[in-house]
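Q: Contents of data.cif (mmCIF, C-alpha atoms and all ligand atoms) are given next:
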```cif
data_input
loop_
_atom_site.group_PDB
_atom_site.id
_atom_site.type_symbol
_atom_site.label_atom_id
_atom_site.label_comp_id
_atom_site.auth_asym_id
_atom_site.auth_seq_id
_atom_site.Cartn_x
_atom_site.Cartn_y
_atom_site.Cartn_z
ATOM 1 C CA MET V 1 0.000 0.000 0.000
ATOM 2 C CA PHE V 2 1.190 3.517 -0.853
ATOM 3 C CA ASP V 3 4.213 2.231 -2.803
ATOM 4 C CA SER V 4 2.800 3.820 -5.941
ATOM 5 C CA LEU V 5 2.988 7.211 -4.166
ATOM 6 C CA VAL V 6 6.691 6.652 -3.508
ATOM 7 C CA ASP V 7 7.267 5.767 -7.180
ATOM 8 C CA PHE V 8 5.320 8.801 -8.325
ATOM 9 C CA LEU V 9 7.493 11.105 -6.200
ATOM 10 C CA LYS V 10 10.718 9.464 -7.347
ATOM 11 C CA THR V 11 9.753 10.083 -10.981
ATOM 12 C CA ASN V 12 8.962 13.735 -10.260
ATOM 13 C CA ILE V 13 12.169 14.295 -8.311
ATOM 14 C CA ASP V 14 14.092 12.725 -11.207
ATOM 15 C CA GLU V 15 12.497 15.209 -13.571
ATOM 16 C CA LEU V 16 13.673 18.017 -11.283
ATOM 17 C CA ASN V 17 17.229 16.711 -11.768
ATOM 18 C CA GLY V 18 17.201 15.489 -8.205
ATOM 19 C CA HIS V 19 19.468 12.810 -6.831
ATOM 20 C CA GLU V 20 19.147 10.379 -3.988
ATOM 21 C CA VAL V 21 21.281 11.221 -0.963
ATOM 22 C CA ARG V 22 22.866 8.306 0.918
ATOM 23 C CA ILE V 23 21.547 7.854 4.426
ATOM 24 C CA SER V 24 22.842 5.632 7.204
ATOM 25 C CA SER V 25 21.737 2.006 6.898
ATOM 26 C CA GLU V 26 19.835 2.129 10.196
ATOM 27 C CA PHE V 27 17.481 4.728 8.646
ATOM 28 C CA LYS V 28 17.378 3.280 5.129
ATOM 29 C CA GLU V 29 15.527 0.225 6.409
ATOM 30 C CA HIS V 30 14.809 -0.738 9.979
ATOM 31 C CA HIS V 31 12.818 -3.625 11.439
ATOM 32 C CA ASN V 32 11.342 -4.108 14.880
ATOM 33 C CA GLU V 33 12.183 -7.299 16.780
ATOM 34 C CA ASP V 34 9.746 -9.630 15.041
ATOM 35 C CA SER V 35 9.854 -7.731 11.723
ATOM 36 C CA LYS V 36 6.143 -6.959 11.943
ATOM 37 C CA TYR V 37 6.976 -3.295 11.458
ATOM 38 C CA ILE V 38 9.397 -2.203 8.772
ATOM 39 C CA ILE V 39 10.326 1.398 8.127
ATOM 40 C CA LYS V 40 12.002 2.547 4.912
ATOM 41 C CA ASN V 41 13.307 6.013 4.152
ATOM 42 C CA TRP V 42 14.557 7.932 1.146
ATOM 43 C CA LEU V 43 16.327 11.266 1.002
ATOM 44 C CA PHE V 44 16.663 13.386 -2.128
ATOM 45 C CA SER V 45 18.081 16.738 -3.064
ATOM 46 C CA SER V 46 17.662 18.755 -6.246
ATOM 47 C CA PRO V 47 18.737 22.183 -7.512
ATOM 48 C CA GLU V 48 15.510 23.675 -6.092
ATOM 49 C CA TYR V 49 14.921 21.498 -3.034
ATOM 50 C CA ARG V 50 17.554 21.264 -0.333
ATOM 51 C CA LYS V 51 15.801 18.262 1.221
ATOM 52 C CA TRP V 52 13.001 15.996 0.091
ATOM 53 C CA ARG V 53 12.340 13.048 2.360
ATOM 54 C CA ILE V 54 10.005 10.085 2.076
ATOM 55 C CA THR V 55 9.075 7.581 4.789
ATOM 56 C CA ARG V 56 7.135 4.321 4.393
ATOM 57 C CA LEU V 57 6.113 2.317 7.404
ATOM 58 C CA ASP V 58 4.834 -1.163 6.658
ATOM 59 C CA GLY V 59 2.953 -2.747 9.532
ATOM 60 C CA GLY V 60 1.154 -5.304 7.388
ATOM 61 C CA LYS V 61 -2.603 -5.424 7.792
ATOM 62 C CA LYS V 62 -2.530 -3.302 10.959
ATOM 63 C CA LEU V 63 -0.816 -0.099 9.842
ATOM 64 C CA GLN V 64 0.456 1.496 6.676
ATOM 65 C CA VAL V 65 2.070 4.927 6.582
ATOM 66 C CA PHE V 66 3.332 7.215 3.862
ATOM 67 C CA ASN V 67 4.939 10.490 4.854
ATOM 68 C CA THR V 68 6.769 13.054 2.746
ATOM 69 C CA VAL V 69 8.142 16.545 3.284
ATOM 70 C CA ALA V 70 9.795 18.772 0.656
ATOM 71 C CA TYR V 71 11.880 21.692 1.847
ATOM 72 C CA PRO V 72 12.685 24.287 -0.817
ATOM 73 C CA ASN V 73 16.107 25.977 -0.760
ATOM 74 C CA PHE V 74 16.603 28.782 1.741
ATOM 75 C CA ASP V 75 16.449 31.312 -1.097
ATOM 76 C CA CYS V 76 12.850 30.359 -1.923
ATOM 77 C CA GLU V 77 9.863 31.494 0.149
ATOM 78 C CA MET V 78 7.541 28.727 -1.106
ATOM 79 C CA PRO V 79 5.633 26.764 1.533
ATOM 80 C CA ILE V 80 6.968 23.366 2.584
ATOM 81 C CA LEU V 81 5.114 20.495 0.926
ATOM 82 C CA GLY V 82 3.869 18.079 3.570
ATOM 83 C CA ALA V 83 1.852 14.888 3.376
ATOM 84 C CA ASP V 84 1.000 12.388 6.080
ATOM 85 C CA ILE V 85 -1.111 9.401 5.047
ATOM 86 C CA LEU V 86 -2.035 6.601 7.439
ATOM 87 C CA TRP V 87 -4.125 3.480 7.048
ATOM 88 C CA PHE V 88 -5.280 1.858 10.303
ATOM 89 C CA GLY V 89 -6.286 -1.667 9.371
ATOM 90 C CA THR V 90 -7.947 -2.591 12.647
ATOM 91 C CA SER V 91 -10.456 0.229 12.443
ATOM 92 C CA GLN V 92 -10.349 0.356 8.608
ATOM 93 C CA LYS V 93 -9.680 4.095 8.721
ATOM 94 C CA LEU V 94 -7.685 6.258 6.382
ATOM 95 C CA LEU V 95 -6.208 9.496 7.692
ATOM 96 C CA ALA V 96 -4.678 11.683 5.017
ATOM 97 C CA ILE V 97 -3.350 15.184 5.504
ATOM 98 C CA LEU V 98 -1.945 17.112 2.541
ATOM 99 C CA ASP V 99 -0.836 20.714 2.780
ATOM 100 C CA TYR V 100 1.380 23.424 1.361
ATOM 101 C CA GLN V 101 2.712 24.353 4.771
ATOM 102 C CA PRO V 102 3.110 28.140 4.866
ATOM 103 C CA LEU V 103 6.197 29.776 6.391
ATOM 104 C CA ILE V 104 4.074 32.758 7.469
ATOM 105 C CA GLN V 105 0.353 33.310 8.031
ATOM 106 C CA GLU V 106 0.066 36.599 6.091
ATOM 107 C CA GLY V 107 -3.130 36.686 4.022
ATOM 108 C CA LYS V 108 -1.481 37.616 0.733
ATOM 109 C CA TYR V 109 1.163 34.924 1.107
ATOM 110 C CA LEU V 110 -1.479 32.290 1.848
ATOM 111 C CA GLU V 111 -3.565 33.402 -1.106
ATOM 112 C CA LYS V 112 -0.604 33.334 -3.492
ATOM 113 C CA TYR V 113 0.931 30.006 -2.526
ATOM 114 C CA CYS V 114 -1.755 27.921 -0.813
ATOM 115 C CA SER V 115 -5.233 28.859 -2.025
ATOM 116 C CA SER V 116 -5.180 26.521 -5.041
ATOM 117 C CA LEU V 117 -5.464 23.640 -2.564
ATOM 118 C CA GLY V 118 -9.075 24.759 -2.199
ATOM 119 C CA ILE V 119 -9.711 24.006 -5.868
ATOM 120 C CA ILE V 120 -8.117 20.566 -5.627
ATOM 121 C CA LYS V 121 -10.048 19.480 -2.539
ATOM 122 C CA LYS V 122 -13.363 20.598 -4.025
ATOM 123 C CA LYS V 123 -13.042 17.825 -6.599
ATOM 124 C CA TYR V 124 -12.803 15.079 -3.977
ATOM 125 C CA SER V 125 -15.681 15.026 -1.559
ATOM 126 C CA ALA V 126 -14.004 12.601 0.874
ATOM 127 C CA PHE V 127 -11.132 15.052 1.309
ATOM 128 C CA ASP V 128 -13.168 18.125 2.150
ATOM 129 C CA ASN V 129 -12.581 17.873 5.885
ATOM 130 C CA ASN V 130 -10.437 20.624 7.318
ATOM 131 C CA LYS V 131 -10.980 20.214 11.007
ATOM 132 C CA MET V 132 -7.897 19.137 12.862
ATOM 133 C CA LYS V 133 -7.882 17.622 16.310
ATOM 134 C CA ASN V 134 -5.748 19.647 18.641
ATOM 135 C CA ILE V 135 -2.394 17.897 18.253
ATOM 136 C CA TYR V 136 -1.236 20.771 16.063
ATOM 137 C CA ASP V 137 -2.218 24.431 16.048
ATOM 138 C CA SER V 138 -4.038 24.922 12.732
ATOM 139 C CA LYS V 139 -2.576 28.444 12.513
ATOM 140 C CA LYS V 140 1.010 27.226 12.778
ATOM 141 C CA TYR V 141 2.471 25.984 9.490
ATOM 142 C CA PHE V 142 -0.922 24.829 8.218
ATOM 143 C CA SER V 143 -2.837 26.571 5.474
ATOM 144 C CA PRO V 144 -6.535 27.425 5.716
ATOM 145 C CA TRP V 145 -7.098 24.967 2.839
ATOM 146 C CA VAL V 146 -5.332 21.959 4.376
ATOM 147 C CA ILE V 147 -6.695 18.788 2.781
ATOM 148 C CA ILE V 148 -7.814 16.237 5.337
ATOM 149 C CA CYS V 149 -9.510 12.912 4.800
ATOM 150 C CA ARG V 150 -10.781 10.763 7.628
ATOM 151 C CA GLY V 151 -12.196 8.044 5.471
ATOM 152 C CA ASN V 152 -13.892 4.921 6.573
ATOM 153 C CA LYS V 153 -14.478 3.756 3.049
ATOM 154 C CA LEU V 154 -12.369 1.003 1.576
ATOM 155 C CA ASN V 155 -12.361 2.214 -1.980
ATOM 156 C CA LEU V 156 -10.609 5.530 -1.573
ATOM 157 C CA ASP V 157 -7.509 4.183 -3.311
ATOM 158 C CA ARG V 158 -8.133 5.756 -6.691
ATOM 159 C CA ASP V 159 -9.150 9.122 -5.267
ATOM 160 C CA LEU V 160 -6.148 9.158 -2.964
ATOM 161 C CA ASN V 161 -3.786 8.549 -5.888
ATOM 162 C CA ASN V 162 -5.464 11.201 -8.005
ATOM 163 C CA ILE V 163 -5.590 13.854 -5.314
ATOM 164 C CA PHE V 164 -1.968 13.196 -4.363
ATOM 165 C CA HIS V 165 -0.876 13.569 -7.988
ATOM 166 C CA SER V 166 -2.744 16.886 -8.355
ATOM 167 C CA PHE V 167 -1.374 18.037 -5.016
ATOM 168 C CA VAL V 168 2.251 17.460 -6.062
ATOM 169 C CA ASN V 169 1.950 18.561 -9.701
ATOM 170 C CA ASN V 170 0.229 21.790 -8.706
ATOM 171 C CA TYR V 171 2.879 22.548 -6.060
ATOM 172 C CA LEU V 172 5.675 22.096 -8.596
ATOM 173 C CA LYS V 173 3.810 24.329 -11.032
ATOM 174 C CA ILE V 174 3.408 27.102 -8.428
ATOM 175 C CA HIS V 175 7.113 26.867 -7.685
ATOM 176 C CA LYS V 176 8.061 27.129 -11.366
ATOM 177 C CA SER V 177 5.823 30.106 -12.050
ATOM 178 C CA ASN V 178 6.935 32.124 -9.000
ATOM 179 C CA PRO V 179 10.716 32.452 -9.188
ATOM 180 C CA VAL V 180 10.906 35.757 -7.288
ATOM 181 C CA ASN V 181 10.321 36.187 -3.557
ATOM 182 C CA GLN V 182 7.745 38.759 -2.536
ATOM 183 C CA PHE V 183 7.461 38.292 1.226
ATOM 184 C CA LEU V 184 10.641 36.909 2.784
ATOM 185 C CA ASP V 185 14.413 37.169 2.378
ATOM 186 C CA THR V 186 16.842 34.260 2.691
ATOM 187 C CA GLU V 187 17.541 34.910 6.367
ATOM 188 C CA LYS V 188 13.829 34.884 7.288
ATOM 189 C CA ILE V 189 13.172 31.806 5.184
ATOM 190 C CA LYS V 190 15.958 29.926 6.923
ATOM 191 C CA ILE V 191 14.722 30.978 10.373
ATOM 192 C CA ASN V 192 11.171 29.919 9.553
ATOM 193 C CA GLN V 193 12.261 26.540 8.195
ATOM 194 C CA ILE V 194 14.245 26.011 11.426
ATOM 195 C CA LYS V 195 11.165 26.972 13.442
ATOM 196 C CA TYR V 196 9.078 24.540 11.380
ATOM 197 C CA ASP V 197 11.408 21.663 12.255
ATOM 198 C CA LYS V 198 11.501 22.643 15.930
ATOM 199 C CA TYR V 199 7.712 22.881 16.065
ATOM 200 C CA SER V 200 7.222 19.577 14.241
ATOM 201 C CA PHE V 201 9.795 17.895 16.486
ATOM 202 C CA GLU V 202 7.852 19.040 19.505
ATOM 203 C CA LYS V 203 4.372 18.080 18.229
ATOM 204 C CA ASP V 204 4.785 15.067 15.950
ATOM 205 C CA PRO V 205 2.512 12.286 17.249
ATOM 206 C CA ALA V 206 4.638 9.720 15.374
ATOM 207 C CA ASP V 207 7.286 9.893 18.086
ATOM 208 C CA LYS V 208 5.254 7.687 20.436
ATOM 209 C CA LEU V 209 4.542 5.222 17.686
ATOM 210 C CA PHE V 210 8.220 4.951 16.677
ATOM 211 C CA LYS V 211 9.312 4.515 20.292
ATOM 212 C CA SER V 212 6.877 1.658 20.797
ATOM 213 C CA PHE V 213 7.987 -0.152 17.619
ATOM 214 C CA PHE V 214 11.685 0.662 17.398
ATOM 215 C CA GLY V 215 12.721 1.825 20.884
ATOM 216 C CA GLU V 216 13.781 5.084 22.470
ATOM 217 C CA LYS V 217 17.376 5.181 21.237
ATOM 218 C CA TRP V 218 16.699 4.590 17.534
ATOM 219 C CA THR V 219 13.745 7.007 17.589
ATOM 220 C CA LYS V 220 15.768 9.836 19.133
ATOM 221 C CA LYS V 221 18.403 9.498 16.426
ATOM 222 C CA PHE V 222 15.844 9.143 13.646
ATOM 223 C CA VAL V 223 13.845 12.199 14.657
ATOM 224 C CA ASN V 224 16.925 14.445 15.037
ATOM 225 C CA LYS V 225 19.108 13.149 12.223
ATOM 226 C CA PHE V 226 16.553 12.322 9.570
ATOM 227 C CA LEU V 227 13.076 13.793 10.088
ATOM 228 C CA PHE V 228 13.725 17.203 11.628
ATOM 229 C CA THR V 229 17.393 17.899 11.007
ATOM 230 C CA LEU V 230 17.092 21.618 11.735
ATOM 231 C CA ASN V 231 15.761 20.964 15.226
ATOM 232 C CA ASN V 232 19.192 21.446 16.766
ATOM 233 C CA GLU V 233 20.004 24.688 14.947
ATOM 234 C CA ILE V 234 20.262 27.807 17.043
ATOM 235 C CA ILE V 235 18.365 30.892 15.900
ATOM 236 C CA TYR V 236 20.396 34.041 16.523
HETATM 237 C C1 LIG B 1 7.375 9.744 9.208
HETATM 238 C C2 LIG B 1 6.879 10.411 10.136
HETATM 239 C C3 LIG B 1 5.494 10.475 10.604
HETATM 240 C C4 LIG B 1 4.543 9.509 10.886
HETATM 241 C C5 LIG B 1 4.674 8.070 10.761
HETATM 242 C C6 LIG B 1 3.390 10.206 11.397
HETATM 243 C C7 LIG B 1 2.229 9.648 11.895
HETATM 244 C C8 LIG B 1 1.099 10.303 12.481
HETATM 245 N N1 LIG B 1 0.526 11.491 12.105
HETATM 246 C C9 LIG B 1 -0.576 11.725 12.896
HETATM 247 C C10 LIG B 1 -1.453 12.837 12.844
HETATM 248 C C11 LIG B 1 -1.351 14.039 12.126
HETATM 249 N N2 LIG B 1 -0.445 14.403 11.172
HETATM 250 C C12 LIG B 1 -0.706 15.633 10.722
HETATM 251 C C13 LIG B 1 -0.017 16.378 9.727
HETATM 252 C C14 LIG B 1 1.254 16.158 9.251
HETATM 253 N N3 LIG B 1 2.165 15.277 9.745
HETATM 254 C C15 LIG B 1 3.300 15.318 9.009
HETATM 255 O O1 LIG B 1 4.296 14.645 9.209
HETATM 256 C C16 LIG B 1 3.121 16.274 7.982
HETATM 257 C C17 LIG B 1 4.163 16.591 6.967
HETATM 258 C C18 LIG B 1 1.861 16.813 8.125
HETATM 259 C C19 LIG B 1 1.214 17.839 7.322
HETATM 260 C C20 LIG B 1 0.779 17.704 6.136
HETATM 261 C C21 LIG B 1 -1.882 16.125 11.396
HETATM 262 C C22 LIG B 1 -2.525 17.467 11.161
HETATM 263 C C23 LIG B 1 -2.276 15.128 12.279
HETATM 264 C C24 LIG B 1 -3.441 15.169 13.230
HETATM 265 C C25 LIG B 1 -4.665 14.803 12.501
HETATM 266 C C26 LIG B 1 -5.866 15.153 13.281
HETATM 267 O O2 LIG B 1 -6.000 16.316 13.651
HETATM 268 O O3 LIG B 1 -6.661 14.267 13.483
HETATM 269 C C27 LIG B 1 -0.714 10.633 13.795
HETATM 270 C C28 LIG B 1 -1.817 10.483 14.824
HETATM 271 C C29 LIG B 1 -2.945 9.764 14.178
HETATM 272 C C30 LIG B 1 -4.079 9.448 15.106
HETATM 273 O O4 LIG B 1 -3.883 8.631 15.992
HETATM 274 O O5 LIG B 1 -5.161 10.003 14.919
HETATM 275 C C31 LIG B 1 0.331 9.757 13.531
HETATM 276 C C32 LIG B 1 0.605 8.442 14.224
HETATM 277 N N4 LIG B 1 3.697 11.529 11.378
HETATM 278 C C33 LIG B 1 4.963 11.706 10.906
HETATM 279 O O6 LIG B 1 5.607 12.760 10.796
#
```
Can you give me the file's structure in the form of structure tokens?
Ligand SMILES: C=CC1=C(C)/C(=C/c2[nH]c(/C=C3N=C(/C=C4\NC(=O)C(C)=C4C=C)C(C)=C\3CCC(=O)O)c(CCC(=O)O)c2C)NC1=O

A:
Amino acid sequence: MFDSLVDFLKTNIDELNGHEVRISSEFKEHHNEDSKYIIKNWLFSSPEYRKWRITRLDGGKKLQVFNTVAYPNFDCEMPILGADILWFGTSQKLLAILDYQPLIQEGKYLEKYCSSLGIIKKKYSAFDNNKMKNIYDSKKYFSPWVIICRGNKLNLDRDLNNIFHSFVNNYLKIHKSNPVNQFLDTEKIKINQIKYDKYSFEKDPADKLFKSFFGEKWTKKFVNKFLFTLNNEIIY
């Protein structure tokens, strides 16, 4: 499940002249003790994206996860592309969150870079939810048009693929057609990307899940050295 999303991203990153970055073997693929949970990770970089990471967690029939985050270079004020897609087999529930995660909450910035998400989600009625529980603050690094699906239907597969494709293609198009910054300079962009990693580090509900499958020590390394690498940066 979700492997086609990984392949789709790889093809797109290839077309951006991206390359895969080597990561330590303990992050590349890691199993829990009885191999019921397997996590795989990929890291890419391209001329326009300083970091594009993908995570797949395969927990067989119980749990399937696909997670990706694309960080543009520090000289580009574009939002961070973020997607978190989870399938809970026991309750047969899909949770999908797709967003162009804004670096600032200024109205004109949101309108310019994020509002097209509204058009995409309108086409898929199962993804029209935008109410978040209170793990995250919806005003911090989320756009007003965040796409959320809490599906209990089994046949969302095709819609999920289609909406994910539109979500990524449209993001890349926005990036291409807006080469000049209008709101932030390089210094501010860097600071806000650092703050994004620090905030995500603090809030990410996956931490508990990783600790229970893979232990405290591995999780601490994984979260700091792969997921949120800017967490340890100091903002002057
Ligand atoms: C590989 C790492 C990784 C995993 C496995 C992961 C899992 C993960 N994300 C969750 C929720 C969530 N995840 C997000 C959003 C995001 N999360 C993101 O990583 C990104 C990029 C976004 C934004 C697009 C939100 C908003 C929720 C809460 C959903 C809600 O409000 O119900 C939950 C709680 C689900 C629940 O019990 O209801 C888990 C376990 N998050 C991760 O980062």

Q: Mind giving me the straight-line distance from atom CA of V:Asp34 to atom CA of V:Ser4 in Å, one decimal?

A: 25.9 Å

Q: Env of V:Glu111: 12 Å cut, atoms = all atoms listed in the file, seq-sep filter 3 positions within chain, self excluded. Answer as a PyMOL selection string.

A: chain V and resi 79+100+102+104-108+114-118+143-145+174

Q: Output C-alpha atoms for every residue in that selection, as a short mmCIF file (atom, residue, chain, number, x, y, z; two decimals), in the frame of the given file.

A:
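This is the output file again.cif:
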```cif
data_model
loop_
_atom_site.label_atom_id
_atom_site.label_comp_id
_atom_site.auth_asym_id
_atom_site.auth_seq_id
_atom_site.Cartn_x
_atom_site.Cartn_y
_atom_site.Cartn_z
CA PRO V 79 5.63 26.76 1.53
CA TYR V 100 1.38 23.42 1.36
CA PRO V 102 3.11 28.14 4.87
CA ILE V 104 4.07 32.76 7.47
CA GLN V 105 0.35 33.31 8.03
CA GLU V 106 0.07 36.60 6.09
CA GLY V 107 -3.13 36.69 4.02
CA LYS V 108 -1.48 37.62 0.73
CA CYS V 114 -1.76 27.92 -0.81
CA SER V 115 -5.23 28.86 -2.02
CA SER V 116 -5.18 26.52 -5.04
CA LEU V 117 -5.46 23.64 -2.56
CA GLY V 118 -9.07 24.76 -2.20
CA SER V 143 -2.84 26.57 5.47
CA PRO V 144 -6.54 27.42 5.72
CA TRP V 145 -7.10 24.97 2.84
CA ILE V 174 3.41 27.10 -8.43
#
```

Q: Which of these residues is nearest to V:Ser24, using only C-alpha atoms: V:Lys198, V:Lys61, V:Leu110, V:Lys221?

A: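 Nearest to V:Ser24: V:Lys221.
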
Q: List all protein, DNA and RNA residues that have at least one atom no more than 7 Å from any atom of ligand LIG 1 (chain B), counting all atoms listed in the file, and write them as a list in words.

A: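 Within the 7 Å cut-off, the matching residues are Thr55, Leu57, Val65, Asn67, Thr68, Val69, Gly82, Ala83, Asp84, Leu86, Ile97, Leu98, Asp99, Lys131, Met132, Lys133, Asn134, Ile135, Tyr136, Asp204, Pro205, Ala206 and Leu209 of chain V.
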
Q: Of the candidates V:Asn224, V:Gln101, V:Ser125, V:Asn232, which shows the shortest atom-to-atom distance to V:Asp159, using all atoms listed in the file?

A: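 Among the listed residues, the smallest separation from V:Asp159 belongs to V:Ser125.
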
Q: From the options V:Met1, V:Ile189, V:Ile147, V:Val6, which residue's atoms come nearest to V:Ile54, counting all atoms listed in the file?

A: V:Val6

Q: What do you get, as number ranges by chain, if you spell out every residue that the PyMOL selection byres (((chain V and resi 226) around 12) and not hetatm) selects here?

A: V: 21-28, 40-44, 51-55, 68-69, 197, 201, 218-225, 227-232

Q: Translate the PyMOL selection byres (((chain V and resi 214) around 9) and not hetatm), as applied to the file shown, into an explicit residue set as a PyMOL selection string.

A: chain V and resi 30-33+37+209-213+215-219
